[in-house]
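Listing of data01.cif; format and content: mmCIF, C-alpha atoms.
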data_coords
#
loop_
_atom_site.label_atom_id
_atom_site.label_comp_id
_atom_site.auth_asym_id
_atom_site.auth_seq_id
_atom_site.Cartn_x
_atom_site.Cartn_y
_atom_site.Cartn_z
CA MET A 1 109.85 71.93 77.35
CA PHE A 2 111.96 68.78 77.42
CA ARG A 3 113.18 66.09 79.77
CA SER A 4 116.26 66.75 81.85
CA THR A 5 119.06 64.20 81.64
CA GLN A 6 119.71 63.80 85.35
CA ASN A 7 120.24 60.04 84.96
CA LEU A 8 122.94 60.23 82.30
CA SER A 9 125.51 57.48 82.39
CA SER A 10 129.11 58.45 83.15
CA SER A 11 130.19 57.49 79.62
CA VAL A 12 127.72 59.92 78.06
CA ARG A 13 128.79 62.69 80.45
CA SER A 14 132.37 62.13 79.41
CA MET A 15 131.50 62.36 75.71
CA VAL A 16 129.82 65.74 76.07
CA GLY A 17 132.43 67.12 78.43
CA MET A 18 130.07 67.41 81.37
CA SER A 19 130.87 67.30 85.04
CA THR A 20 129.88 64.17 86.94
CA ARG A 21 128.81 66.32 89.91
CA ASP A 22 126.35 64.44 92.10
CA PHE A 23 122.81 65.77 92.36
CA SER A 24 122.62 65.39 96.13
CA SER A 25 124.06 68.86 96.70
CA ASP A 26 121.23 70.37 94.65
CA VAL A 27 118.65 68.56 96.76
CA ASP A 28 120.39 69.64 99.96
CA ASN A 29 120.16 73.25 98.79
CA GLY A 30 116.40 72.93 98.60
CA ILE A 31 116.10 72.58 94.81
CA ASP A 32 114.89 69.21 93.60
CA PRO A 33 115.89 68.38 90.03
CA PRO A 34 112.80 68.67 87.80
CA ASP A 35 111.63 66.14 85.26
CA ASP A 36 111.30 68.91 82.68
CA ILE A 37 113.23 72.03 81.77
CA LYS A 38 111.27 74.87 80.18
CA VAL A 39 113.13 76.89 77.57
CA LEU A 40 111.90 79.92 75.64
CA VAL A 41 113.61 81.17 72.48
CA CYS A 42 112.89 84.69 71.20
CA THR A 43 114.36 86.20 68.04
CA ALA A 44 113.95 89.33 65.93
CA ASN A 45 115.62 91.25 63.15
CA MET A 46 115.75 94.75 64.60
CA GLY A 47 116.46 96.48 61.28
CA ASN A 48 119.10 98.57 63.08
CA ALA A 49 116.26 100.59 64.60
CA GLU A 50 116.54 101.64 68.23
CA PRO A 51 114.09 99.54 70.25
CA THR A 52 111.79 100.87 72.92
CA PHE A 53 110.66 99.09 76.04
CA GLU A 54 107.20 98.80 74.49
CA SER A 55 108.55 97.19 71.32
CA LEU A 56 110.50 94.59 73.34
CA LYS A 57 107.38 93.74 75.34
CA ALA A 58 105.69 92.71 72.10
CA TRP A 59 107.92 89.65 71.65
CA ILE A 60 109.54 89.00 75.02
CA PRO A 61 106.99 87.97 77.69
CA PHE A 62 107.16 89.82 80.98
CA ASN A 63 109.10 87.85 83.57
CA GLY A 64 109.17 84.80 81.30
CA SER A 65 105.49 84.11 81.79
CA VAL A 66 104.31 80.89 80.17
CA CYS A 67 100.77 82.26 80.31
CA ASN A 68 101.70 85.23 78.11
CA VAL A 69 103.22 82.96 75.49
CA MET A 70 100.24 80.60 75.50
CA ASP A 71 97.80 83.53 75.24
CA ALA A 72 99.69 84.87 72.22
CA GLN A 73 99.64 81.43 70.59
CA ASN A 74 95.91 81.09 71.23
CA GLU A 75 95.33 84.43 69.50
CA LEU A 76 97.29 83.22 66.47
CA ASP A 77 95.32 79.98 66.43
CA ALA A 78 92.05 81.93 66.54
CA ASP A 79 93.11 84.12 63.61
CA ALA A 80 94.32 81.19 61.51
CA PRO A 81 92.68 77.98 62.77
CA ALA A 82 93.56 76.03 59.64
CA ALA A 83 97.26 76.74 60.12
CA SER A 84 97.39 75.45 63.68
CA SER A 85 98.41 71.81 63.93
CA VAL A 86 97.93 71.65 67.70
CA LYS A 87 94.58 72.50 69.22
CA GLN A 88 94.45 74.22 72.59
CA GLU A 89 93.03 71.15 74.30
CA GLU A 90 95.90 69.08 72.86
CA ARG A 91 98.64 71.21 74.44
CA PRO A 92 100.70 69.44 77.13
CA ALA A 93 98.72 69.29 80.36
CA SER A 94 101.97 69.30 82.35
CA ILE A 95 102.64 72.96 81.48
CA ASP A 96 101.65 75.27 84.31
CA PRO A 97 100.52 78.52 82.63
CA THR A 98 101.31 80.50 85.79
CA SER A 99 104.94 79.39 85.86
CA GLY A 100 107.97 80.90 84.17
CA TYR A 101 110.55 79.45 81.82
CA ASP A 102 113.79 78.19 83.34
CA VAL A 103 116.00 79.47 80.51
CA ILE A 104 115.31 82.26 78.02
CA ALA A 105 117.51 82.86 74.97
CA ILE A 106 117.13 86.06 72.95
CA GLY A 107 118.71 86.42 69.53
CA MET A 108 118.87 89.66 67.56
CA GLN A 109 120.03 90.49 64.06
CA GLU A 110 120.77 93.94 62.60
CA ALA A 111 120.83 95.13 66.21
CA THR A 112 123.09 98.19 66.22
CA TRP A 113 121.93 101.78 66.20
CA GLY A 114 124.29 104.03 68.16
CA ASN A 115 126.57 104.56 71.12
CA GLY A 116 125.59 102.84 74.34
CA ASP A 117 123.19 100.45 72.62
CA THR A 118 124.49 97.39 74.51
CA LYS A 119 123.94 98.99 77.91
CA ILE A 120 120.50 100.24 76.94
CA LEU A 121 119.42 96.82 75.67
CA SER A 122 120.63 95.05 78.80
CA GLN A 123 118.76 97.49 81.02
CA MET A 124 115.51 97.05 79.10
CA LEU A 125 115.81 93.26 79.05
CA MET A 126 116.50 93.07 82.78
CA LYS A 127 113.49 95.31 83.40
CA GLN A 128 111.35 92.96 81.34
CA LEU A 129 112.78 89.86 83.08
CA PRO A 130 113.14 90.90 86.76
CA SER A 131 113.22 87.33 88.12
CA TYR A 132 116.07 86.29 85.81
CA THR A 133 119.83 86.69 85.75
CA GLU A 134 121.76 87.36 82.58
CA VAL A 135 124.38 84.62 82.20
CA GLN A 136 125.50 85.53 78.68
CA ASN A 137 125.51 88.75 76.68
CA PHE A 138 127.49 88.64 73.44
CA GLN A 139 127.68 90.84 70.37
CA ARG A 140 129.39 90.10 67.06
CA GLY A 141 128.88 92.99 64.67
CA GLN A 142 125.15 93.40 64.15
CA MET A 143 124.28 90.10 65.84
CA ARG A 144 123.51 89.64 69.53
CA LEU A 145 122.70 86.74 71.82
CA TYR A 146 121.45 87.00 75.40
CA VAL A 147 120.83 84.06 77.73
CA PHE A 148 118.85 84.46 80.95
CA VAL A 149 118.29 81.88 83.68
CA LYS A 150 115.86 82.03 86.58
CA SER A 151 117.76 83.71 89.40
CA GLU A 152 116.95 80.88 91.80
CA LEU A 153 118.63 78.41 89.42
CA VAL A 154 121.76 80.37 88.48
CA ARG A 155 123.95 78.70 91.12
CA LEU A 156 123.17 75.36 89.45
CA VAL A 157 124.41 76.51 86.02
CA TYR A 158 127.91 75.59 84.89
CA GLY A 159 129.88 75.01 81.69
CA VAL A 160 128.80 78.37 80.26
CA ASP A 161 130.60 79.34 77.06
CA ILE A 162 129.94 81.40 73.93
CA ASN A 163 131.60 81.85 70.56
CA ALA A 164 130.86 83.33 67.13
CA GLU A 165 131.70 82.94 63.46
CA ASN A 166 131.43 85.45 60.62
CA THR A 167 130.12 84.36 57.21
CA GLY A 168 129.72 87.73 55.50
CA ILE A 169 131.71 89.01 52.51
CA GLY A 170 134.92 87.01 52.20
CA GLY A 171 133.91 85.00 55.26
CA VAL A 172 135.09 87.83 57.52
CA MET A 173 132.37 90.50 57.50
CA TRP A 174 130.14 90.41 60.56
CA ASN A 175 126.87 91.42 58.88
CA LYS A 176 126.22 87.69 58.42
CA GLY A 177 127.16 84.74 60.61
CA GLY A 178 126.16 83.29 63.92
CA ILE A 179 126.69 83.09 67.66
CA ILE A 180 126.54 79.89 69.72
CA ALA A 181 126.09 79.76 73.49
CA THR A 182 126.06 76.69 75.72
CA LEU A 183 125.34 75.97 79.37
CA THR A 184 124.61 73.00 81.58
CA LEU A 185 121.61 72.97 83.93
CA PHE A 186 120.49 69.88 85.87
CA LYS A 187 123.14 67.82 84.06
CA THR A 188 121.55 68.76 80.75
CA ARG A 189 123.65 70.61 78.20
CA ILE A 190 121.63 73.16 76.25
CA SER A 191 122.98 75.18 73.33
CA PHE A 192 121.60 78.08 71.34
CA LEU A 193 122.57 79.22 67.86
CA THR A 194 121.41 82.57 66.55
CA ALA A 195 122.25 83.37 62.94
CA HIS A 196 121.75 85.84 60.12
CA LEU A 197 122.07 83.99 56.83
CA GLN A 198 122.18 84.80 53.12
CA ALA A 199 118.95 86.25 51.75
CA HIS A 200 117.16 86.04 48.36
CA GLU A 201 115.67 83.26 46.26
CA GLY A 202 117.35 80.60 44.18
CA HIS A 203 119.34 77.42 44.63
CA ASP A 204 122.69 79.20 44.97
CA ASN A 205 121.47 81.29 47.89
CA TYR A 206 119.89 78.21 49.48
CA ALA A 207 123.22 76.39 49.18
CA ARG A 208 125.00 79.38 50.68
CA ARG A 209 122.69 79.32 53.71
CA ASN A 210 123.45 75.64 54.26
CA SER A 211 127.17 76.28 53.84
CA SER A 212 127.03 79.19 56.31
CA LEU A 213 125.38 77.04 58.98
CA LYS A 214 128.17 74.49 58.53
CA GLU A 215 130.77 77.27 58.85
CA ILE A 216 129.15 78.58 62.03
CA LEU A 217 128.99 75.17 63.68
CA ASN A 218 132.58 74.37 62.72
CA GLY A 219 133.99 77.78 63.57
CA ALA A 220 132.11 78.64 66.76
CA LYS A 221 133.08 75.68 68.93
CA VAL A 222 132.01 75.96 72.56
CA GLY A 223 132.92 74.05 75.69
CA GLU A 224 135.86 73.48 77.97
CA GLY A 225 139.03 74.38 76.07
CA ARG A 226 137.04 74.51 72.80
CA SER A 227 139.20 71.62 71.63
CA TYR A 228 136.34 69.27 70.84
CA LYS A 229 136.31 67.47 67.54
CA TYR A 230 132.53 67.75 67.45
CA ASP A 231 130.40 70.89 67.24
CA ALA A 232 127.68 72.06 69.62
CA SER A 233 124.93 70.24 67.74
CA VAL A 234 126.60 66.94 68.63
CA LEU A 235 127.88 67.82 72.10
CA SER A 236 124.53 69.15 73.34
CA HIS A 237 121.56 67.20 74.56
CA TYR A 238 119.33 69.91 73.08
CA MET A 239 120.17 72.67 70.62
CA PHE A 240 117.92 75.51 69.51
CA VAL A 241 118.47 77.37 66.24
CA MET A 242 116.94 80.81 65.74
CA GLY A 243 117.44 84.01 63.83
CA ASP A 244 116.90 85.58 60.43
CA LEU A 245 117.62 82.34 58.61
CA ASN A 246 116.06 83.42 55.31
CA TYR A 247 114.98 79.90 54.34
CA ARG A 248 112.00 79.77 52.00
CA THR A 249 109.09 77.35 52.10
CA VAL A 250 108.40 75.70 48.75
CA LEU A 251 104.86 74.36 48.48
CA PRO A 252 103.56 72.03 45.78
CA GLN A 253 101.84 74.03 43.05
CA ASP A 254 98.48 72.41 43.65
CA ILE A 255 98.26 73.61 47.25
CA CYS A 256 99.74 77.09 46.86
CA MET A 257 97.37 79.73 48.20
CA SER A 258 95.86 82.30 45.89
CA THR A 259 96.84 85.97 46.07
CA GLU A 260 93.58 86.72 47.87
CA ASP A 261 94.29 84.06 50.52
#

Please re-express this file's structure in C-alpha cells.
Amino acid sequence: MFRSTQNLSSSVRSMVGMSTRDFSSDVDNGIDPPDDIKVLVCTANMGNAEPTFESLKAWIPFNGSVCNVMDAQNELDADAPAASSVKQEERPASIDPTSGYDVIAIGMQEATWGNGDTKILSQMLMKQLPSYTEVQNFQRGQMRLYVFVKSELVRLVYGVDINAENTGIGGVMWNKGGIIATLTLFKTRISFLTAHLQAHEGHDNYARRNSSLKEILNGAKVGEGRSYKYDASVLSHYMFVMGDLNYRTVLPQDICMSTED
C-alpha cells in the first residue's frame, strides 16, 4: 500500500509522461481519489508444470482479498516468530482486511507446458479474481506477466504499456530475461518487472544477474512512444520487481544457522 500522487505538480507529470487530466471527472463519476493505492504482487516459478485451479489458489488470494493475504502472513509469523520483523499489532491500522487490492500483478517463470496454455491460464485467473479485469497479459518465451485492476477502477486506468527483453544465451534466448508493464491509476504511475535471472553461486553469476537487470531495464522501455531516455524505474512513481531472481543471501559466519536449525 502506498500514497497516490494526485497532487503532482505539472512539471513532474511532464517528466514521467503523464496526462494532466483533471481529477474532477473522476469525482463526478462517483469515484473519489483515495489516499492510498493497494497493490499485490504474486510470483512463482511454475517449473513448466501444468497448473491446476487448486495450485493457483495456494498463492493467489481469491478475489484479491486482503484478509487472505494477512491470514497467510500471520501463519508464517506463528511458525517462525523470530524471523518476523513486524508484529501483527504493528501492521498498518489503515488496512481494511475485508477489502481487496486495487491492482494485482502476477509474474510467472518457466510457465509453458502445452498447446492452449495461455487461454487456460487466463480462464483460471479470471475465475480466481472475478471482481477484476485483466488489463495486461503478456508472454515472452517461458515468462509471463498478468496485470489485473478492480473492474470498478478500470475506466480510470490509462498509459498502459508492456515490453520485454531477453537475456538468455547470446542475449537472445527467452529462457531468461524480463517483462515490464506500466499503467497509471489516480495520476500515479505504477510499473512491474518480472524476471528470470541467472542461477548458481559465485561472483560471476551474481554479476551476470546484475547485468541482466540492467539489460532488461534498458531494453524493455515502456510508455508513450517508448522514446524515453530513462527506464521504467525512473519514470515510475512506484516500481515492483518480482520473479525467480536467484539472488543469494550471504550471512556473516557468526550468525549462520546450524544444519539442524

Separation of atom CA of Arg209 of chain A and atom CA of Asp244 of chain A, in Å?
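Straight-line distance from atom CA of Arg209 of chain A to atom CA of Asp244 of chain A works out to 10.9 Å.
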
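Interatomic distance, atom CA of His200 of chain A against atom CA of Gly243 of chain A: 15.6 Å.
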
Top pick for closest residue to Lys221 of chain A, considering A:Gln128, A:Gln123, A:Ser233, A:Ser99 and counting all atoms listed in the file:
A:Ser233

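Of note, atom CA of His237 of chain A and atom CA of Phe186 of chain A are spaced 11.7 Å apart.
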
Could you check which residues have any atom within 8 Å of (121.1, 88.3, 83.2), counting all atoms listed in the file with coordinates taken straight from the file, and then list them as a PDB file with C-alpha atoms, keeping the file's coordinate frame?
ATOM      1  CA  MET A 126     116.500  93.070  82.780  1.00  0.00           C
ATOM      2  CA  TYR A 132     116.070  86.290  85.810  1.00  0.00           C
ATOM      3  CA  THR A 133     119.830  86.690  85.750  1.00  0.00           C
ATOM      4  CA  GLU A 134     121.760  87.360  82.580  1.00  0.00           C
ATOM      5  CA  VAL A 135     124.380  84.620  82.200  1.00  0.00           C
ATOM      6  CA  GLN A 136     125.500  85.530  78.680  1.00  0.00           C
ATOM      7  CA  ASN A 137     125.510  88.750  76.680  1.00  0.00           C
ATOM      8  CA  TYR A 146     121.450  87.000  75.400  1.00  0.00           C
ATOM      9  CA  VAL A 147     120.830  84.060  77.730  1.00  0.00           C
ATOM     10  CA  PHE A 148     118.850  84.460  80.950  1.00  0.00           C
ATOM     11  CA  VAL A 149     118.290  81.880  83.680  1.00  0.00           C
TER      12      VAL A 149
END

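Selection by the PyMOL selection byres ((chain A and resi 39-47) around 7) on the present file picks out Met1, Ile37, Lys38, Asn48, Ala49, Ile60, Tyr101, Asp102, Val103, Ile104, Ala105, Ile106, Gly107, Met108, Gln109, Glu110, Ala111, Met242, Gly243 and Asp244 of chain A.
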
For a cut-off of 9 Å around (122.6, 72.7, 86.5), file coordinates, pick out all residues using all atoms listed in the file and list them as a list in words.
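Residues found, by chain and rising number: Asp26, Pro33, Leu153, Val154, Arg155, Leu156, Val157, Tyr158, Leu183, Thr184, Leu185, Phe186, Lys187, Thr188 and Arg189 of chain A.
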
Edge lengths and centre, in Å to one decimal, as AutoDock Vina command-line options: that's what I need for the box along x, y and z that holds all listed atoms of segment 57-70 of chain A plus 8 Å on each side.
--center_x 104.9 --center_y 87.2 --center_z 77.6 --size_x 25.3 --size_y 29.1 --size_z 27.9

Closest of A:Leu129, A:Ala181, A:Leu245, A:Ala199 to Asp161 of chain A, counting only C-alpha atoms, is A:Ala181

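Closest to Asn218 of chain A among A:Ala195, A:Cys67, A:Glu165, A:Lys150 is A:Glu165, based on all atoms listed in the file.
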
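Across the chains present, the PyMOL selection byres ((chain A and resi 139) around 10) applied to this file returns Met108, Gln109, Ala111, Thr112, Thr118, Asn137, Phe138, Arg140, Gly141, Gln142, Met143, Arg144, Leu145, Tyr146, Asn163, Ala164 and Ile179 of chain A.
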
Evaluate the PyMOL selection byres ((chain A and resi 177) around 7) and report residues as a PDB file with C-alpha atoms, in the frame of the given file:
ATOM      1  CA  GLU A 165     131.700  82.940  63.460  1.00  0.00           C
ATOM      2  CA  ASN A 166     131.430  85.450  60.620  1.00  0.00           C
ATOM      3  CA  THR A 167     130.120  84.360  57.210  1.00  0.00           C
ATOM      4  CA  GLY A 168     129.720  87.730  55.500  1.00  0.00           C
ATOM      5  CA  TRP A 174     130.140  90.410  60.560  1.00  0.00           C
ATOM      6  CA  ASN A 175     126.870  91.420  58.880  1.00  0.00           C
ATOM      7  CA  LYS A 176     126.220  87.690  58.420  1.00  0.00           C
ATOM      8  CA  GLY A 178     126.160  83.290  63.920  1.00  0.00           C
ATOM      9  CA  ALA A 195     122.250  83.370  62.940  1.00  0.00           C
ATOM     10  CA  HIS A 196     121.750  85.840  60.120  1.00  0.00           C
ATOM     11  CA  LEU A 197     122.070  83.990  56.830  1.00  0.00           C
ATOM     12  CA  ILE A 216     129.150  78.580  62.030  1.00  0.00           C
TER      13      ILE A 216
END

Using only C-alpha atoms, find the one residue out of A:Ala220, A:Thr249, A:Gly159, A:Gly114 that sits nearest to Glu201 of chain A.
A:Thr249

Which of these, A:Ile190, A:Leu235, A:Pro130, A:Ile180, has the shortest distance to Leu213 of chain A once you count all atoms listed in the file?
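Of A:Ile190, A:Leu235, A:Pro130, A:Ile180, the one nearest Leu213 of chain A is A:Ile180, counting all atoms listed in the file.
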
Please determine, counting all atoms listed in the file, which residue among A:Asp36, A:Met124, A:Val234, A:Asn115 has the shortest atom-to-atom distance to Ser55 of chain A.
A:Met124

As a PDB file, in the frame of the given file, the rebuilt segment 140-169 of chain A with N, CA and C atoms:
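Final output, saved to result-v8.pdb:
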ATOM      1  N   ARG A 140     128.438  90.236  68.155  1.00  0.00           N
ATOM      2  CA  ARG A 140     129.390  90.100  67.060  1.00  0.00           C
ATOM      3  C   ARG A 140     128.828  90.933  65.912  1.00  0.00           C
ATOM      4  N   GLY A 141     129.392  92.111  65.705  1.00  0.00           N
ATOM      5  CA  GLY A 141     128.880  92.990  64.670  1.00  0.00           C
ATOM      6  C   GLY A 141     127.444  93.379  64.940  1.00  0.00           C
ATOM      7  N   GLN A 142     126.560  93.055  64.003  1.00  0.00           N
ATOM      8  CA  GLN A 142     125.150  93.400  64.150  1.00  0.00           C
ATOM      9  C   GLN A 142     124.331  92.294  64.808  1.00  0.00           C
ATOM     10  N   MET A 143     124.985  91.228  65.219  1.00  0.00           N
ATOM     11  CA  MET A 143     124.280  90.100  65.840  1.00  0.00           C
ATOM     12  C   MET A 143     124.478  90.106  67.352  1.00  0.00           C
ATOM     13  N   ARG A 144     123.447  89.700  68.067  1.00  0.00           N
ATOM     14  CA  ARG A 144     123.510  89.640  69.530  1.00  0.00           C
ATOM     15  C   ARG A 144     122.848  88.357  70.019  1.00  0.00           C
ATOM     16  N   LEU A 145     123.325  87.881  71.160  1.00  0.00           N
ATOM     17  CA  LEU A 145     122.700  86.740  71.820  1.00  0.00           C
ATOM     18  C   LEU A 145     122.752  86.958  73.323  1.00  0.00           C
ATOM     19  N   TYR A 146     121.579  86.890  73.946  1.00  0.00           N
ATOM     20  CA  TYR A 146     121.450  87.000  75.400  1.00  0.00           C
ATOM     21  C   TYR A 146     120.879  85.682  75.925  1.00  0.00           C
ATOM     22  N   VAL A 147     121.387  85.246  77.075  1.00  0.00           N
ATOM     23  CA  VAL A 147     120.830  84.060  77.730  1.00  0.00           C
ATOM     24  C   VAL A 147     120.544  84.421  79.178  1.00  0.00           C
ATOM     25  N   PHE A 148     119.296  84.193  79.582  1.00  0.00           N
ATOM     26  CA  PHE A 148     118.850  84.460  80.950  1.00  0.00           C
ATOM     27  C   PHE A 148     118.423  83.154  81.599  1.00  0.00           C
ATOM     28  N   VAL A 149     118.691  83.045  82.897  1.00  0.00           N
ATOM     29  CA  VAL A 149     118.290  81.880  83.680  1.00  0.00           C
ATOM     30  C   VAL A 149     117.559  82.383  84.915  1.00  0.00           C
ATOM     31  N   LYS A 150     116.544  81.667  85.342  1.00  0.00           N
ATOM     32  CA  LYS A 150     115.860  82.030  86.580  1.00  0.00           C
ATOM     33  C   LYS A 150     116.877  82.245  87.684  1.00  0.00           C
ATOM     34  N   SER A 151     116.759  83.354  88.387  1.00  0.00           N
ATOM     35  CA  SER A 151     117.760  83.710  89.400  1.00  0.00           C
ATOM     36  C   SER A 151     117.934  82.617  90.445  1.00  0.00           C
ATOM     37  N   GLU A 152     116.865  81.930  90.782  1.00  0.00           N
ATOM     38  CA  GLU A 152     116.950  80.880  91.800  1.00  0.00           C
ATOM     39  C   GLU A 152     117.725  79.657  91.317  1.00  0.00           C
ATOM     40  N   LEU A 153     117.937  79.562  89.982  1.00  0.00           N
ATOM     41  CA  LEU A 153     118.630  78.410  89.420  1.00  0.00           C
ATOM     42  C   LEU A 153     120.064  78.722  88.981  1.00  0.00           C
ATOM     43  N   VAL A 154     120.458  79.974  89.024  1.00  0.00           N
ATOM     44  CA  VAL A 154     121.760  80.370  88.480  1.00  0.00           C
ATOM     45  C   VAL A 154     122.904  79.622  89.129  1.00  0.00           C
ATOM     46  N   ARG A 155     122.835  79.377  90.439  1.00  0.00           N
ATOM     47  CA  ARG A 155     123.950  78.700  91.120  1.00  0.00           C
ATOM     48  C   ARG A 155     124.079  77.230  90.702  1.00  0.00           C
ATOM     49  N   LEU A 156     123.107  76.742  89.938  1.00  0.00           N
ATOM     50  CA  LEU A 156     123.170  75.360  89.450  1.00  0.00           C
ATOM     51  C   LEU A 156     123.661  75.297  88.004  1.00  0.00           C
ATOM     52  N   VAL A 157     123.951  76.452  87.417  1.00  0.00           N
ATOM     53  CA  VAL A 157     124.410  76.510  86.020  1.00  0.00           C
ATOM     54  C   VAL A 157     125.931  76.428  85.980  1.00  0.00           C
ATOM     55  N   TYR A 158     126.460  75.645  85.064  1.00  0.00           N
ATOM     56  CA  TYR A 158     127.910  75.590  84.890  1.00  0.00           C
ATOM     57  C   TYR A 158     128.213  75.269  83.428  1.00  0.00           C
ATOM     58  N   GLY A 159     129.483  75.293  83.063  1.00  0.00           N
ATOM     59  CA  GLY A 159     129.880  75.010  81.690  1.00  0.00           C
ATOM     60  C   GLY A 159     129.395  76.047  80.701  1.00  0.00           C
ATOM     61  N   VAL A 160     129.286  77.318  81.144  1.00  0.00           N
ATOM     62  CA  VAL A 160     128.800  78.370  80.260  1.00  0.00           C
ATOM     63  C   VAL A 160     129.915  78.813  79.316  1.00  0.00           C
ATOM     64  N   ASP A 161     129.609  78.888  78.038  1.00  0.00           N
ATOM     65  CA  ASP A 161     130.600  79.340  77.060  1.00  0.00           C
ATOM     66  C   ASP A 161     129.858  79.914  75.854  1.00  0.00           C
ATOM     67  N   ILE A 162     130.547  80.768  75.097  1.00  0.00           N
ATOM     68  CA  ILE A 162     129.940  81.400  73.930  1.00  0.00           C
ATOM     69  C   ILE A 162     131.018  81.687  72.908  1.00  0.00           C
ATOM     70  N   ASN A 163     130.651  81.619  71.627  1.00  0.00           N
ATOM     71  CA  ASN A 163     131.600  81.850  70.560  1.00  0.00           C
ATOM     72  C   ASN A 163     130.824  82.290  69.318  1.00  0.00           C
ATOM     73  N   ALA A 164     131.528  82.822  68.318  1.00  0.00           N
ATOM     74  CA  ALA A 164     130.860  83.330  67.130  1.00  0.00           C
ATOM     75  C   ALA A 164     131.700  83.080  65.893  1.00  0.00           C
ATOM     76  N   GLU A 165     131.028  83.129  64.745  1.00  0.00           N
ATOM     77  CA  GLU A 165     131.700  82.940  63.460  1.00  0.00           C
ATOM     78  C   GLU A 165     131.062  83.857  62.425  1.00  0.00           C
ATOM     79  N   ASN A 166     131.908  84.568  61.686  1.00  0.00           N
ATOM     80  CA  ASN A 166     131.430  85.450  60.620  1.00  0.00           C
ATOM     81  C   ASN A 166     131.323  84.680  59.310  1.00  0.00           C
ATOM     82  N   THR A 167     130.274  84.987  58.529  1.00  0.00           N
ATOM     83  CA  THR A 167     130.120  84.360  57.210  1.00  0.00           C
ATOM     84  C   THR A 167     129.766  85.402  56.153  1.00  0.00           C
ATOM     85  N   GLY A 168     130.032  86.667  56.445  1.00  0.00           N
ATOM     86  CA  GLY A 168     129.720  87.730  55.500  1.00  0.00           C
ATOM     87  C   GLY A 168     130.695  87.732  54.334  1.00  0.00           C
ATOM     88  N   ILE A 169     130.849  88.889  53.685  1.00  0.00           N
ATOM     89  CA  ILE A 169     131.710  89.010  52.510  1.00  0.00           C
ATOM     90  C   ILE A 169     133.118  88.503  52.833  1.00  0.00           C
TER      91      ILE A 169
END
